[in-house]
Structures are given as C-alpha cells and as structure tokens.
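Visitor: I'd like to ask you about the structure that follows.
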Amino acid sequence: MSGQTPQPSSAQLFGAVLRAFRRTGLREMAARLPVSWGHLARIERGDQPVPPDLVPLLDTAYNAEGVLIRLSELLARDKVLTEWESRVLQAGTSSANPPIPDEDDMQRRSLLRLLSVLGPGAAISASTIDAVHVGLQQITGEPADRDVDDWEQVAWDYAQGVWTDLSGSRSADLAADIHDLSRHLTRTSDDAERAALLRVYAQLSAFLALDLPLIAGPRACWRAWSAARAAADASGDHDLAVWVRAREATESYYMQRLGPAAENLVAEAIELAGGRPCLGMVNALSARSRMLAAQGQADAARRALGEFKDAYATLPAQVTSDRVSVWGKPLTEVLWVEGWVLTRIGDVGRATSLLEQALAATATERVGAKANLILLQMWCAIQEGEVKEGLDRAVQVTQSLPVTPTRRRIVGDILDNLPEKVRALPAARELRALVSPAAA
C-alpha cells in the first residue's frame with residue numbers, strides 16, 4: 001500500500017541479526033570464514049544474499065548456536081509464501097484462486113520474523129516484543145498509555161546503558177519509544193505534563209543520536225540531535241538544553257563534522273549555562289579543550305583544561321559518584337580528557353601517568369572506554385619511539401570492538417601524526433584499513 005514503510009528484505013533481516021551476534025571486528029570475523037571482509041560487510045548490510053552452504057559456517061563463527069541456521073530456513077519458507085502471494089495478486093481474486101491472507105494471517109507473517117530469531121543469545125528488540133503483546137489491552141481492559149513517571153523511568157533505563165550497551169543495538173527500541181511518546185504528546189494538554197514529556201523526548205532523541213553512527217550516516221545523527229535540542233528547549237529545562245548541545249558538540253568533534261558546528265555548539269552551551277555549575281557545562285569545556293588541542297593551540301588547550309577541572313569540582317556527589325550512566329561524571333573521565341589533551345599536545349610523560357590512573361579506575365562494564373584509553377596509551381608509546389609495539393597493540397584493540405566515532409577519531413589522530421617514514425608499515429596500513437568507512 002502506498003505510504004507504508006517497506007519491510008526489510010530477507011537479506012537485510014539476516015544481515016541485521018548477523019551484526020547483532022558479532023562481538024569483534026569485521027576483519028577478525030572474516031578471518032574465521034572463507035570470505036573476504038568486504039564480502040562479509042556486504043552480507044551484514046543486506047546487500048548480498050547468503051549462499052546456503054555459508055550459513056552453518058556463519059552460525060559457528062558468530063557463536064549463534066543454531067539461530068542463524070533456523071533463521072535462514074524460515075526466511076526461505078517466508079520467501080516461498082511471499083512469491084505465492086504475489087502470484088495470487090497477479091492472477092486476481094476469482095473463486096478459483098486461493099484467498100488473500102486476512103489480518104490474522106498478516107500478523108502471523110509479521111511474528112514469523114520474530115520467531116525466526118528466538119533462541120540462545122539472540123538479540124530481540126523490546127519494540128518487537130511489544131508487537132507480540134499488541135492484543136493485551138483488549139484482553140485486560142488496562143490502558144496502554146504510559147504516564148509521566150513511566151516515561152521518565154524509560155529514559156532513566158536507557159541512560160544506564162549508553163556507555164555499556166553495544167553501539168547500534170538500541171536504535172530500533174528508541175525509535176519505537178520516540179514514536180509512541182510523540183503520539184502521547186499530541187494528546188497532552190496539561191502544561192506541566194507536556195514539559196516533563198518533552199524532557200523525556202529530548203533524552204531519547206539524544207540517546208538515539210548516540211546510537212546511530214554505526215548503523216546510519218552522519219545526517220541521521222544530526223537530525224536526531226536537532227530534535228533533541230528542540231525538545232529540550234521547549235521543555236524549559238535549561239540544564240538539559242546545555243547538556244544536549246555539549247554532547248552534540250563532542251560527537252561533532254569525534255565525527256569531524258564539517259564547518260563550525262562543534263565550536264558553535266560549545267559556545268551555545270556555555271552561554272546557556274550562564275556560569276551555573278552543571279554537567280552540560282563541564283562537558284562543553286571538555287569538548288573545547290580537545291578541540292583547541294587538535295588545532296595545535298597548546299596554551300589555550302591547557303587554559304581550557306583548567307576551566308574544565310574547576311567546573312568539575314563544583315559538580316554534586318551524585319554526579320561524580322555515578323560511574324556508569326550518561327548522567328554521571330566520575331573522576332576517571334577528568335583523567336581521560338586531560339590525558340587526551342596532553343597526548344595531543346605532546347606532553348607524553350604527564351599524559352601517560354593520567355591514562356594509567358584512568359584505566360585502572362574505569363568501571364569494568366565500560367569496555368569501550370577502556371579500549372579508548374589503551375589507544376591513547378599507544379599513541380603516547382608511539383610518540384616515545386615505540387612505534388611498532390604501539391601500532392601492533394592499536395591494531396589489536398581496534399579489531400576487538402566496533403569502531404565507534406570516538407575510537408575512529410583517536411585512531412585517525414594517531415595515523416595523522418605518524419612520522420612520514422613509518423606510515424607505510426604494515427601495522428599502520430592495517431590500522432588505517434580498520435577505521436576506513438568500508439570497514440565499519
């Protein structure tokens with residue numbers, strides 16, 4: 001029907017499930033299979049069908065425990081049914097033809113794609129689970145709408161996993177919740193309730209923007225950030241408006257966004273904060289110090305670092321003691337930012353000590369943060385002359401996890417600042433290939 005969102009193809013669905021099972025770099029995974037990493041990337045994107053004889057090998061390599069095999073079998077049956085329906089539609093609906101499936105049949109078909117991936121270790125989105133229970137309201141008579149407290153809990157739950165969940169794994173759930181919340185907002189007339197829901201909308205949009213880089217282009221991220229800014233401003237929560245701009249500025253820096261967007265967002269955040277101590281203000285000063293370091297303004301970067309640390313000292317204990325959620329700012333993050341800036345401007349001795357402290361104190365759950373700290377340590381090692389060892393370790397770390405914008409920025413800085421004579425080393429070439437867009 002015109003205007004409907006097209007359903008993903010079988011190849012796209014298989015590729016999405018494949019990506020959900022991958023817990024290592026694409027090249028490392030391809031090394032376990034009789035295919036190139038480029039071929040494997042096309043399969044994960046859904047651009048290329050999977051040969052049947054490759055499915056068991058994929059299932060073993062991805063530790064899917066039979067899920068990929070069952071998925072492939074059920075998608076094959078689904079394809080047969082789809083082709084049969086197409087022939088029915090082309091032939092018309094005379095009594096000699098089988099009937100077109102009714103609504104219950106279509107719901108069954110939709111659930112087929114859920115059931116096809118149920119199994120040990122399978123990644124099923126919460127929004128898909130909601131679809132299974134779509135008839136519960138009719139059975140129980142209970143209202144389906146969440147109230148403000150429910151929505152605030154949804155936002156809080158998401159906030160706990162921003163830095164610990166696998167990048168790209170939450171976008172479907174977030175998009176579904178944002179859609180439901182927008183419908184709720186259109187029916188809300190109470191000003192206080194509307195402001196509270198807009199606060200949640202801003203948070204969910206920001207979390208979506210943070211989750212999108214590995215599965216969508218930069219433009220999708222900037223649109224999500226724009227929605228987060230608009231919702232935060234409309235909610236009247238100035239601290240949230242500051243935080244959203246500071247976080248978007250940081251992501252713009254990581255993703256090397258063209259133009260003055262990052263600097264403008266930092267300036268807006270600082271102006272909105274008006275000197276009030278808040279997490280967003282601290283994040284804005286953090287971003288500014290790294291931008292100045294990247295521009296080669298060592299003295300200005302050190303001054304910005306001092307302002308950042310002074311602002312951090314004003315944060316309440318509930319923020320500085322939170323080591324996991326997006327609303328926390330533990331001391332390890334101060335060490336991480338200072339270590340990054342000093343590494344960038346060449347103060348390797350001081351940076352090395354700070355990075356060691358940060359790595360030792362970072363929460364175990366924050367695997368990605370630990371990897372980024374190790375990459376900064378390797379950058380220090382390279383600057384101190386341990387080029388081969390530093391590059392080899394950087395390759396190992398980069399292969400072990402998806403290449404997030406933060407990781408890509410650090411590795412890009414390492415490569416851009418390599419001495420000319422070592423840029424042709426095999427490890428340097430391998431590292432560059434790992435962070436190229438084709439390898440994402």
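Each chain of the structure tokens is named A, B, ... in the order shown, its residues numbered from 1; ligands are numbered from 1 in display order.
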Tell me which protein, DNA and RNA residues are within 12 Å of Leu240 of chain A, counting only C-alpha atoms, leaving out same-chain ones fewer than 6 positions away, and put them as a CSV table (one decimal) with C-alpha atoms, in the first residue's frame.

Guide:
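The new file result.csv reads:
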```csv
chain,number,residue,atom,x,y,z
A,196,ALA,CA,8.0,16.6,31.5
A,198,LEU,CA,9.4,16.9,26.3
A,199,ARG,CA,12.3,16.4,28.7
A,200,VAL,CA,12.0,12.6,28.1
A,201,TYR,CA,11.7,13.2,24.3
A,202,ALA,CA,14.9,15.2,24.3
A,203,GLN,CA,16.7,12.5,26.2
A,206,ALA,CA,19.9,12.3,22.2
A,228,ALA,CA,16.8,16.6,21.0
A,229,ARG,CA,17.8,20.3,21.1
A,230,ALA,CA,14.3,21.4,20.0
A,231,ALA,CA,12.6,19.2,22.6
A,232,ALA,CA,15.0,20.3,25.4
A,233,ASP,CA,14.4,23.9,24.6
A,234,ALA,CA,10.7,23.5,24.5
A,246,ALA,CA,27.6,19.9,24.8
A,247,ARG,CA,27.1,16.2,23.9
A,269,ALA,CA,26.1,25.5,25.8
A,272,LEU,CA,23.0,28.9,28.1
A,273,ALA,CA,24.7,27.7,31.3
A,278,CYS,CA,26.1,21.7,35.7
A,279,LEU,CA,27.1,18.5,33.8
A,280,GLY,CA,26.5,20.1,30.4
A,281,MET,CA,28.8,23.0,31.2
A,283,ASN,CA,31.1,18.6,29.1
A,327,TRP,CA,24.3,11.4,33.8
```

Visitor: Name the residues in contact with Pro51 of chain A at a cut-off of 12 Å, using only C-alpha atoms, excluding same-chain residues fewer than 2 positions from it; report them as a list in words.

Guide: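 Close residues of Pro51 of chain A: Ala11, Phe14, Pro34, Val35, His39, Leu40, Ile43, Gln48, Pro49, Asp53, Leu54, Val55, Pro56, Leu57, Leu58, Ile69, Ser72 and Ala76 of chain A.
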
Visitor: Name the closest residue to Asp239 of chain A among the candidates A:Leu18, A:Ala304, A:Ile270, A:Ile215; distances are taken between atoms, counting only C-alpha atoms.

Guide: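 Closest to Asp239 of chain A, using only C-alpha atoms: A:Ile270.
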
Visitor: Just give me the gap between atom CA of Arg290 of chain A and atom CA of Phe308 of chain A in Å, one decimal is fine.

Guide: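 Distance between the two atoms: 10.9 Å.
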
Visitor: Take atom CA of Pro260 of chain A and atom CA of Arg276 of chain A and report the distance between them in Å, one decimal.

Guide: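 Computed distance, atom CA of Pro260 of chain A to atom CA of Arg276 of chain A, equals 24.8 Å.
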
Visitor: I want to know what sits within 12 Å of Ala313 of chain A, based on only C-alpha atoms, with residues of the same chain fewer than 2 positions away left out; could you give that as a VMD selection string?

Guide: chain A and resid 277 to 279 281 to 282 306 to 311 315 to 317 319 to 320 329 to 331 334

Visitor: Could you write those residues out with C-alpha atoms, as an mmCIF file, in the first residue's frame?

Guide:
```cif
data_model
loop_
_atom_site.group_PDB
_atom_site.id
_atom_site.type_symbol
_atom_site.label_atom_id
_atom_site.label_comp_id
_atom_site.auth_asym_id
_atom_site.auth_seq_id
_atom_site.Cartn_x
_atom_site.Cartn_y
_atom_site.Cartn_z
ATOM 1 C CA PRO A 277 27.637 24.539 37.543
ATOM 2 C CA CYS A 278 26.052 21.650 35.679
ATOM 3 C CA LEU A 279 27.085 18.504 33.835
ATOM 4 C CA MET A 281 28.792 22.993 31.226
ATOM 5 C CA VAL A 282 31.554 20.583 32.251
ATOM 6 C CA GLY A 306 41.972 24.317 33.893
ATOM 7 C CA GLU A 307 38.458 25.741 33.410
ATOM 8 C CA PHE A 308 37.137 22.227 32.848
ATOM 9 C CA LYS A 309 38.682 20.920 36.068
ATOM 10 C CA ASP A 310 37.465 23.939 38.050
ATOM 11 C CA ALA A 311 33.913 23.418 36.772
ATOM 12 C CA LEU A 315 29.511 19.086 40.470
ATOM 13 C CA PRO A 316 27.438 17.348 43.163
ATOM 14 C CA ALA A 317 28.490 13.958 44.529
ATOM 15 C CA VAL A 319 27.095 13.090 39.502
ATOM 16 C CA THR A 320 30.745 12.402 40.329
ATOM 17 C CA LYS A 329 30.944 12.164 35.513
ATOM 18 C CA PRO A 330 33.416 10.151 37.596
ATOM 19 C CA LEU A 331 36.969 11.355 38.161
ATOM 20 C CA VAL A 334 38.599 14.006 34.032
#
```

Visitor: Tell me, as a PDB file with C-alpha atoms, in the first residue's frame, which residues lie within 8 Å of Val266 of chain A, counting only C-alpha atoms; anything in the same chain fewer than 5 positions away does not count.

Guide:
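That gives us part.pdb:
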```pdb
ATOM      1  CA  ARG A 245      24.429  20.918  22.991  1.00  0.00           C
ATOM      2  CA  ALA A 246      27.609  19.904  24.790  1.00  0.00           C
ATOM      3  CA  ALA A 249      29.470  19.226  20.164  1.00  0.00           C
ATOM      4  CA  ALA A 284      31.223  21.723  26.942  1.00  0.00           C
ATOM      5  CA  LEU A 285      34.542  22.766  28.499  1.00  0.00           C
ATOM      6  CA  ALA A 287      34.991  19.394  24.305  1.00  0.00           C
ATOM      7  CA  ARG A 288      36.570  22.850  23.973  1.00  0.00           C
TER       8      ARG A 288
END
```

Visitor: Near Gly346 of chain A, within 10 Å and counting only C-alpha atoms, which residues show up once chain neighbours fewer than 6 positions away are dropped, as a list in words?

Guide: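 Near neighbours after the sequence-gap exclusion: Ala293, Ala298, Trp340, Cys380, Gln383 and Glu384 of chain A.
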
Visitor: I'd like the interatomic distance between atom CA of Ala261 of chain A and atom CA of Val324 of chain A, to a tenth of an Å.

Guide: 28.1 Å

Visitor: Env of Arg408 of chain A: 6 Å cut, atoms = only C-alpha atoms, seq-sep filter 4 positions within chain, self excluded. Answer as an NGL selection string.

Guide: :A and (403 or 412 or 435)

Visitor: May I ask which of the residues A:Leu185, A:Thr398, A:Ala294, A:Arg19 is the closest one to Ala64 of chain A, counting only C-alpha atoms?

Guide: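 Of A:Leu185, A:Thr398, A:Ala294, A:Arg19, the one nearest Ala64 of chain A is A:Arg19, counting only C-alpha atoms.
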
Visitor: Would you mind listing what lies within 12 Å of Ala30 of chain A as a PDB file with C-alpha atoms, in the first residue's frame, with only C-alpha atoms counted and same-chain residues fewer than 6 positions away left out?

Guide:
```pdb
ATOM      1  CA  ARG A  22      29.107 -10.061  16.170  1.00  0.00           C
ATOM      2  CA  THR A  24      34.525  -8.473  17.442  1.00  0.00           C
ATOM      3  CA  SER A  36      36.831 -11.557   2.443  1.00  0.00           C
ATOM      4  CA  TRP A  37      35.916  -8.903   4.989  1.00  0.00           C
ATOM      5  CA  GLY A  38      34.408  -6.806   2.173  1.00  0.00           C
ATOM      6  CA  HIS A  39      32.138  -9.713   1.203  1.00  0.00           C
ATOM      7  CA  LEU A  40      31.172 -10.186   4.841  1.00  0.00           C
ATOM      8  CA  ALA A  41      30.416  -6.469   5.195  1.00  0.00           C
ATOM      9  CA  ARG A  42      28.031  -6.656   2.222  1.00  0.00           C
ATOM     10  CA  ILE A  43      26.262  -9.643   3.804  1.00  0.00           C
ATOM     11  CA  GLU A  44      25.865  -7.790   7.115  1.00  0.00           C
ATOM     12  CA  LEU A  57      29.901 -21.570   8.910  1.00  0.00           C
ATOM     13  CA  LEU A  58      28.480 -18.161   9.864  1.00  0.00           C
ATOM     14  CA  ALA A  61      31.880 -18.219  13.639  1.00  0.00           C
ATOM     15  CA  TYR A  62      29.316 -15.878  15.213  1.00  0.00           C
ATOM     16  CA  GLN A 399      39.972  -5.137  15.841  1.00  0.00           C
ATOM     17  CA  ALA A 439      35.302  -1.489   7.297  1.00  0.00           C
TER      18      ALA A 439
END
```

Visitor: Write down as a ChimeraX atom specification the residues of segment 124-312 of chain A whose backbone DSSP state falls under helix (DSSP H, G or I).

Guide: /A:126-132,136-140,148-161,171-186,191-211,218-235,238-254,261-273,279-294,298-312

Visitor: Would you mind exporting C-alpha atoms of the selected residues as a compact mmCIF listing (two decimals), in the first residue's frame?

Guide:
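Full text of out31.txt as output:
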```
# COMPACT_ATOMS: atom_id res chain seq x y z
CA ALA A 126 11.89 -4.62 23.04
CA SER A 127 9.70 -2.96 20.40
CA THR A 128 9.33 -6.33 18.67
CA ILE A 129 8.29 -7.94 21.95
CA ASP A 130 5.67 -5.18 22.32
CA ALA A 131 4.23 -6.25 18.96
CA VAL A 132 3.67 -9.75 20.33
CA LEU A 136 -3.23 -7.43 25.68
CA GLN A 137 -5.20 -4.21 26.23
CA GLN A 138 -8.28 -5.73 24.63
CA ILE A 139 -7.97 -8.75 26.92
CA THR A 140 -7.32 -6.94 30.21
CA VAL A 148 4.88 10.65 33.00
CA ASP A 149 6.52 8.51 35.70
CA ASP A 150 6.63 5.56 33.30
CA TRP A 151 8.25 7.64 30.58
CA GLU A 152 10.81 9.08 32.97
CA GLN A 153 11.70 5.55 34.03
CA VAL A 154 12.09 4.58 30.35
CA ALA A 155 14.57 7.44 29.87
CA TRP A 156 16.44 6.52 33.04
CA ASP A 157 16.73 2.88 31.98
CA TYR A 158 18.18 3.89 28.63
CA ALA A 159 20.63 6.27 30.36
CA GLN A 160 22.18 3.36 32.25
CA GLY A 161 23.31 1.64 29.05
CA SER A 171 18.12 2.29 17.84
CA ALA A 172 15.05 0.19 16.98
CA ASP A 173 13.77 0.34 20.56
CA LEU A 174 14.50 4.05 20.86
CA ALA A 175 12.76 4.85 17.56
CA ALA A 176 9.69 2.88 18.64
CA ASP A 177 9.57 4.62 22.03
CA ILE A 178 10.04 8.06 20.47
CA HIS A 179 7.19 7.32 18.08
CA ASP A 180 4.91 6.27 20.95
CA LEU A 181 5.93 9.28 23.01
CA SER A 182 5.24 11.71 20.16
CA ARG A 183 1.71 10.30 19.86
CA HIS A 184 1.27 10.74 23.62
CA LEU A 185 2.46 14.34 23.38
CA THR A 186 -0.13 15.20 20.71
CA ASP A 191 1.49 22.21 30.52
CA ALA A 192 3.42 20.53 33.33
CA GLU A 193 2.91 17.06 31.87
CA ARG A 194 3.86 18.30 28.42
CA ALA A 195 7.10 19.82 29.73
CA ALA A 196 8.00 16.58 31.51
CA LEU A 197 7.31 14.50 28.40
CA LEU A 198 9.37 16.89 26.26
CA ARG A 199 12.27 16.35 28.65
CA VAL A 200 11.99 12.62 28.06
CA TYR A 201 11.68 13.18 24.30
CA ALA A 202 14.91 15.20 24.31
CA GLN A 203 16.75 12.48 26.21
CA LEU A 204 15.52 9.65 23.99
CA SER A 205 16.42 11.61 20.84
CA ALA A 206 19.90 12.28 22.21
CA PHE A 207 20.37 8.61 23.10
CA LEU A 208 19.24 7.70 19.57
CA ALA A 209 21.77 10.13 18.10
CA LEU A 210 24.49 8.47 20.18
CA ASP A 211 23.43 5.00 19.00
CA PRO A 218 26.04 11.32 9.89
CA ARG A 219 22.99 13.16 8.56
CA ALA A 220 20.68 10.88 10.54
CA CYS A 221 22.70 11.63 13.68
CA TRP A 222 22.49 15.39 13.18
CA ARG A 223 18.72 15.18 12.64
CA ALA A 224 18.33 13.27 15.89
CA TRP A 225 20.45 15.85 17.70
CA SER A 226 18.37 18.65 16.20
CA ALA A 227 15.20 17.02 17.55
CA ALA A 228 16.84 16.62 20.96
CA ARG A 229 17.77 20.31 21.05
CA ALA A 230 14.29 21.41 20.02
CA ALA A 231 12.60 19.22 22.62
CA ALA A 232 15.00 20.27 25.39
CA ASP A 233 14.44 23.95 24.61
CA ALA A 234 10.65 23.51 24.50
CA SER A 235 10.70 21.68 27.85
CA HIS A 238 17.98 24.77 30.73
CA ASP A 239 20.41 22.22 32.19
CA LEU A 240 19.18 19.62 29.73
CA ALA A 241 19.46 22.10 26.85
CA VAL A 242 23.08 22.73 27.87
CA TRP A 243 23.82 19.01 28.14
CA VAL A 244 22.35 18.21 24.71
CA ARG A 245 24.43 20.92 22.99
CA ALA A 246 27.61 19.90 24.79
CA ARG A 247 27.12 16.25 23.91
CA GLU A 248 26.34 17.06 20.28
CA ALA A 249 29.47 19.23 20.16
CA THR A 250 31.54 16.32 21.46
CA GLU A 251 30.09 13.92 18.89
CA SER A 252 30.62 16.53 16.16
CA TYR A 253 34.29 16.68 17.15
CA TYR A 254 34.61 12.89 17.13
CA ALA A 261 29.14 23.35 14.18
CA ALA A 262 31.15 21.90 17.07
CA GLU A 263 32.60 25.25 18.15
CA ASN A 264 29.19 26.95 17.84
CA LEU A 265 27.51 24.28 19.95
CA VAL A 266 30.14 24.63 22.68
CA ALA A 267 29.65 28.40 22.70
CA GLU A 268 25.85 28.00 22.88
CA ALA A 269 26.13 25.52 25.75
CA ILE A 270 28.42 27.80 27.77
CA GLU A 271 26.21 30.82 27.13
CA LEU A 272 23.05 28.91 28.12
CA ALA A 273 24.72 27.66 31.31
CA LEU A 279 27.08 18.50 33.84
CA GLY A 280 26.48 20.07 30.43
CA MET A 281 28.79 22.99 31.23
CA VAL A 282 31.55 20.58 32.25
CA ASN A 283 31.07 18.56 29.05
CA ALA A 284 31.22 21.72 26.94
CA LEU A 285 34.54 22.77 28.50
CA SER A 286 35.84 19.22 28.00
CA ALA A 287 34.99 19.39 24.30
CA ARG A 288 36.57 22.85 23.97
CA SER A 289 39.88 21.70 25.47
CA ARG A 290 40.15 18.82 22.99
CA MET A 291 39.21 20.99 20.02
CA LEU A 292 41.88 23.55 20.92
CA ALA A 293 44.46 20.78 21.30
CA ALA A 294 43.52 19.39 17.89
CA ALA A 298 48.59 24.16 23.28
CA ASP A 299 48.43 27.11 25.68
CA ALA A 300 44.73 27.72 25.04
CA ALA A 301 44.05 23.98 25.46
CA ARG A 302 45.79 24.00 28.85
CA ARG A 303 43.73 27.01 29.96
CA ALA A 304 40.54 25.28 28.84
CA LEU A 305 41.62 22.19 30.77
CA GLY A 306 41.97 24.32 33.89
CA GLU A 307 38.46 25.74 33.41
CA PHE A 308 37.14 22.23 32.85
CA LYS A 309 38.68 20.92 36.07
CA ASP A 310 37.47 23.94 38.05
CA ALA A 311 33.91 23.42 36.77
CA TYR A 312 34.12 19.70 37.53
```
